[in-house]
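Data first, discussion second: the structure below is written as structure tokens.
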Amino acid sequence: VSSRALPFAPTTMLAPMEGVSTAPFRALIADKGGVGVVSTEFVRINDHHMPSLKLGRLVERARDDVWLSVQVMGREVSHMEVAARIMSDAGADIVDINLGCPSPKAVRGGVGSAMLKDHVLLHRVLSTMRRVVPRVLSAKMRAGFDDASGALATARVLVDAGVDFIVIHPRRRVDFYEGVADWRIIRMLARELPVPVVGNGDVWNARAALRMRDETGCAGVMIGRPAMRNPWIFTQADALARGDTPFSPAGADVARYMRDFVEAYSTTMSRVPVGRVKELVRMIARAVPDRGFSRRVLMEQTVDDILRRVDDEVGPLSPQELDLDAEGSLRLERSGSTIEPASEEGPPPTVVDEGLRAIT
Ligand SMILES: Cc1cc2nc3c(=O)[nH]c(=O)nc-3n(C[C@H](O)[C@H](O)[C@H](O)COP(=O)(O)O)c2cc1C
């Protein structure tokens with residue numbers, strides 16, 4: 001059983017998110033507490049970057065007590081070997097490989113989700129990385145490229161190559177972000193694999209994080225978009241797990257979060273891009289029942305105008321008027337499920353792994 005325990009605590013992770021999981025954002029999330037690991041966005045590894053990768057703030061630690069996972073994306077064995085060594089030397093507690101990116105650019109380059117189909121390549125890349133990563137090596141995979149039936153077989157290749165744990169985001173590449181994550185696939189991997197499995201996808205409130213553990217038996221939970229929307233989600237989940245009363249943010253807390261976000265970025269940039277602030281505010285708007293707010297705030301032209309509108313419209317709201325409490329009481333977002341997965345239209349994807357057939 002101990003071999004299926006994760007080496008960090010709490011056993012929660014901030015997901016890698018391109019353009020989002022930067023050093024200032026990781027620090028902001030880590031400071032709210034309750035998270036065991038924060039991940040970098042992916043670093044694309046190719047000839048141009050090798051062997052002198054410019055790391056800059058990429059590997060900046062958020063806090064001593066929160067682990068740092070650095071994600072690399074690439075397919076050239078020799079480059080991935082050098083990259084894994086560079087990241088380890090730079091202080092990564094975990095080196096993670098991206099096996100899920102669905103973007104057309106990644107797929108054209110044969111990286112990210114495109115690698116799920118090539119088990120020979122996966123084994124070569126991962127076993128080479130294994131030899132040079134002295135600490136923890138992980139792989140973050142989608143359930144498949146156009147078909148989820150090979151998820152378990154793919155995961156077994158990764159385990160055989162020596163990864164310490166696997167993160168599974170149970171959507172296929174062709175799903176992009178459609179529908180709802182199919183937590184049955186997390187359950188299947190958690191039951192079948194000899195290494196810890198971290199579940200990811202549509203954990204929209206703290207209660208859902210506990211429910212994912214209960215329903216799937218996963219060793220850890222990774223959270224991405226819902227942590228942009230609710231940076232307190234990790235500390236809320238931690239409180240629920242301990243039987244404490246979780247914090248329920250009010251509008252004033254959200255307004256302060258927006259300002260802290262802008263301030264954190266202004267330490268590294270002379271001008272915080274309005275697009276980056278809008279990306280965050282778009283997520284926050286998903287916790288506000290008045291759908292008109294999203295339209296109004298996204299029409300603002302400057303960061304100051306956005307902050308002012310958040311102060312005016314969100315600032316006065318009580319915790320009960322926001323969907324940010326630990327239970328997700330207003331249910332503005334649909335969390336994943338082992339019972340009712342997949343898209344609203346049509347049947348769930350056909351999953352024919354023997355492990356899954358045995359348990360559904
Ligand atoms: C803006 C954005 C950027 C992302 N960038 C990455 C990335 O760099 N590497 C990666 O493995 N996944 C990336 N993902 C996927 C997330 O890590 C995660 O698997 C996905 O969002 C589902 O989890 P969630 O429902 O908790 O958001 C990204 C997702 C988003 C929304």
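Residues are named by chain letter and number: chains run A, B, ... in the order of the structure tokens, numbers start at 1 in each chain, and ligands are numbered from 1 in the order shown.
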
- Task: Dump the neighbourhood of ligand 1 as a ChimeraX atom specification: all residues within 6 Å, distances computed on only C-alpha atoms and all ligand atoms.
- Result: /A:15-18,41-42,98,100-101,140,169,200-203,223-226

- Message: Can you tell me which residues surround Asp160 in chain A at a distance of at most 10 Å, considering only C-alpha atoms, apart from same-chain residues fewer than 3 positions away, and format the answer as a list in words?
- Response: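 Returned residues: His123, Leu126, Ser127, Thr154, Ala155, Arg156, Val157 and Val163 of chain A.
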
Let's have the selection written as an mmCIF file, in the first residue's frame, with C-alpha atoms.
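File written: selection-v3.cif
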data_model
loop_
_atom_site.group_PDB
_atom_site.id
_atom_site.type_symbol
_atom_site.label_atom_id
_atom_site.label_comp_id
_atom_site.auth_asym_id
_atom_site.auth_seq_id
_atom_site.Cartn_x
_atom_site.Cartn_y
_atom_site.Cartn_z
ATOM 1 C CA HIS A 123 8.535 3.895 -23.198
ATOM 2 C CA LEU A 126 10.058 7.934 -20.096
ATOM 3 C CA SER A 127 12.636 5.272 -19.312
ATOM 4 C CA THR A 154 -1.045 3.450 -22.022
ATOM 5 C CA ALA A 155 -0.746 4.017 -18.279
ATOM 6 C CA ARG A 156 0.869 0.606 -17.881
ATOM 7 C CA VAL A 157 3.559 1.550 -20.401
ATOM 8 C CA VAL A 163 7.141 6.836 -13.428
#

- Message: Here is a test: counting only C-alpha atoms, which residue of A:Val59, A:Ala30, A:Met87, A:Val70 is nearest to Ile233 in chain A?
- Response: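 Closest candidate: A:Ala30.
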
- Message: Taking only range 96-266 of chain A into account, list the residues labelled strand (DSSP E or B) by DSSP (computed from the backbone), as a VMD selection string.
- Response: chain A and resid 96 to 99 136 to 144 165 to 172 182 197 to 200 220 to 223

Could the residues in this selection be written to a file with N, CA, C and O atoms, as a tab-separated table (two decimals), in the first residue's frame?
chain	number	residue	atom	x	y	z
A	96	ASP	N	7.60	16.38	-14.71
A	96	ASP	CA	6.37	15.82	-15.27
A	96	ASP	C	6.42	15.93	-16.78
A	96	ASP	O	6.93	16.91	-17.33
A	97	ILE	N	5.87	14.93	-17.46
A	97	ILE	CA	5.80	15.02	-18.93
A	97	ILE	C	4.35	15.24	-19.35
A	97	ILE	O	3.43	14.64	-18.80
A	98	ASN	N	4.18	16.13	-20.32
A	98	ASN	CA	2.85	16.46	-20.85
A	98	ASN	C	2.44	15.43	-21.91
A	98	ASN	O	3.05	15.35	-22.97
A	99	LEU	N	1.40	14.65	-21.60
A	99	LEU	CA	0.85	13.68	-22.55
A	99	LEU	C	-0.64	13.97	-22.76
A	99	LEU	O	-1.46	13.05	-22.83
A	136	VAL	N	11.31	12.76	-8.16
A	136	VAL	CA	10.03	12.17	-8.57
A	136	VAL	C	9.76	12.45	-10.04
A	136	VAL	O	9.92	13.57	-10.52
A	137	LEU	N	9.36	11.42	-10.75
A	137	LEU	CA	9.00	11.54	-12.17
A	137	LEU	C	7.51	11.20	-12.32
A	137	LEU	O	7.04	10.18	-11.81
A	138	SER	N	6.79	12.08	-13.02
A	138	SER	CA	5.35	11.80	-13.22
A	138	SER	C	4.98	12.03	-14.68
A	138	SER	O	5.73	12.65	-15.44
A	139	ALA	N	3.82	11.51	-15.05
A	139	ALA	CA	3.29	11.72	-16.39
A	139	ALA	C	1.84	12.15	-16.26
A	139	ALA	O	1.08	11.59	-15.48
A	140	LYS	N	1.47	13.19	-17.03
A	140	LYS	CA	0.09	13.68	-16.99
A	140	LYS	C	-0.54	13.37	-18.34
A	140	LYS	O	-0.14	13.90	-19.38
A	141	MET	N	-1.51	12.48	-18.30
A	141	MET	CA	-2.10	11.98	-19.55
A	141	MET	C	-3.60	12.28	-19.66
A	141	MET	O	-4.30	12.39	-18.67
A	142	ARG	N	-4.05	12.39	-20.90
A	142	ARG	CA	-5.49	12.31	-21.18
A	142	ARG	C	-5.85	10.85	-21.32
A	142	ARG	O	-4.98	9.98	-21.40
A	143	ALA	N	-7.15	10.56	-21.43
A	143	ALA	CA	-7.60	9.17	-21.49
A	143	ALA	C	-7.29	8.50	-22.83
A	143	ALA	O	-7.32	7.28	-22.94
A	144	GLY	N	-7.01	9.31	-23.84
A	144	GLY	CA	-6.71	8.74	-25.14
A	144	GLY	C	-6.72	9.85	-26.17
A	144	GLY	O	-7.01	11.01	-25.84
A	165	PHE	N	4.30	8.36	-10.32
A	165	PHE	CA	2.84	8.45	-10.26
A	165	PHE	C	2.30	8.97	-11.58
A	165	PHE	O	3.06	9.50	-12.41
A	166	ILE	N	1.00	8.81	-11.75
A	166	ILE	CA	0.34	9.22	-12.99
A	166	ILE	C	-0.79	10.18	-12.66
A	166	ILE	O	-1.54	9.96	-11.69
A	167	VAL	N	-0.88	11.25	-13.43
A	167	VAL	CA	-2.04	12.15	-13.35
A	167	VAL	C	-2.91	11.85	-14.55
A	167	VAL	O	-2.42	11.84	-15.69
A	168	ILE	N	-4.19	11.62	-14.31
A	168	ILE	CA	-5.09	11.34	-15.43
A	168	ILE	C	-6.19	12.40	-15.50
A	168	ILE	O	-6.91	12.64	-14.52
A	169	HIS	N	-6.27	13.05	-16.67
A	169	HIS	CA	-7.39	13.96	-16.98
A	169	HIS	C	-8.29	13.18	-17.94
A	169	HIS	O	-7.96	13.05	-19.13
A	170	PRO	N	-9.39	12.63	-17.45
A	170	PRO	CA	-10.16	11.68	-18.25
A	170	PRO	C	-11.07	12.30	-19.30
A	170	PRO	O	-12.28	12.17	-19.27
A	171	ARG	N	-10.42	12.95	-20.23
A	171	ARG	CA	-11.07	13.34	-21.48
A	171	ARG	C	-10.16	12.84	-22.59
A	171	ARG	O	-8.97	12.66	-22.38
A	172	ARG	N	-10.73	12.66	-23.79
A	172	ARG	CA	-9.90	12.33	-24.94
A	172	ARG	C	-9.42	13.61	-25.60
A	172	ARG	O	-9.98	14.68	-25.36
A	182	ASP	N	-14.82	12.17	-17.17
A	182	ASP	CA	-15.38	10.83	-16.87
A	182	ASP	C	-14.54	10.17	-15.77
A	182	ASP	O	-13.56	9.49	-16.04
A	197	VAL	N	-2.28	7.21	-8.29
A	197	VAL	CA	-2.96	7.90	-9.39
A	197	VAL	C	-3.54	9.20	-8.85
A	197	VAL	O	-4.17	9.21	-7.79
A	198	VAL	N	-3.28	10.28	-9.57
A	198	VAL	CA	-3.85	11.58	-9.22
A	198	VAL	C	-4.96	11.87	-10.22
A	198	VAL	O	-4.73	11.85	-11.43
A	199	GLY	N	-6.15	12.12	-9.71
A	199	GLY	CA	-7.29	12.42	-10.57
A	199	GLY	C	-7.37	13.91	-10.87
A	199	GLY	O	-7.03	14.74	-10.02
A	200	ASN	N	-7.82	14.25	-12.07
A	200	ASN	CA	-7.92	15.65	-12.49
A	200	ASN	C	-9.14	15.80	-13.40
A	200	ASN	O	-9.44	14.91	-14.18
A	220	GLY	N	-4.52	11.26	-5.03
A	220	GLY	CA	-4.41	12.71	-4.98
A	220	GLY	C	-5.35	13.35	-5.98
A	220	GLY	O	-5.91	12.68	-6.85
A	221	VAL	N	-5.53	14.67	-5.82
A	221	VAL	CA	-6.45	15.42	-6.67
A	221	VAL	C	-5.73	16.62	-7.23
A	221	VAL	O	-5.08	17.36	-6.48
A	222	MET	N	-5.81	16.80	-8.55
A	222	MET	CA	-5.23	17.97	-9.21
A	222	MET	C	-6.34	18.89	-9.69
A	222	MET	O	-7.34	18.42	-10.24
A	223	ILE	N	-6.16	20.19	-9.48
A	223	ILE	CA	-7.20	21.16	-9.82
A	223	ILE	C	-6.61	22.30	-10.66
A	223	ILE	O	-5.57	22.85	-10.30

- Item | Option closest in space to Ala252 in chain A, from A:Val310, A:Ala237, A:Ile45, A:Ile284 [counting only C-alpha atoms] |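 Smallest separation from Ala252 in chain A among the options: A:Val310.
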
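The shortest atom-to-atom distance to Tyr257 in chain A, with only C-alpha atoms taken into account, belongs to A:Ile29 out of A:Val66, A:Val82, A:Val159, A:Ile29.
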
- Give the alpha helix (DSSP H) residues of range 39-178 of chain A, as assigned by DSSP on the backbone, as an MDAnalysis selection string. chainID A and resid 77:89 104:108 119:132 151:161

- Nearest to Ser21 in chain A, chosen from A:Gly33, A:Val38, A:Ser103, A:Arg271, with only C-alpha atoms counted in the distances: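 Smallest separation from Ser21 in chain A among the options: A:Val38.
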
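A straight line drawn from CA of Ala23 in chain A to CA of Ala114 in chain A is 27.7 Å long.
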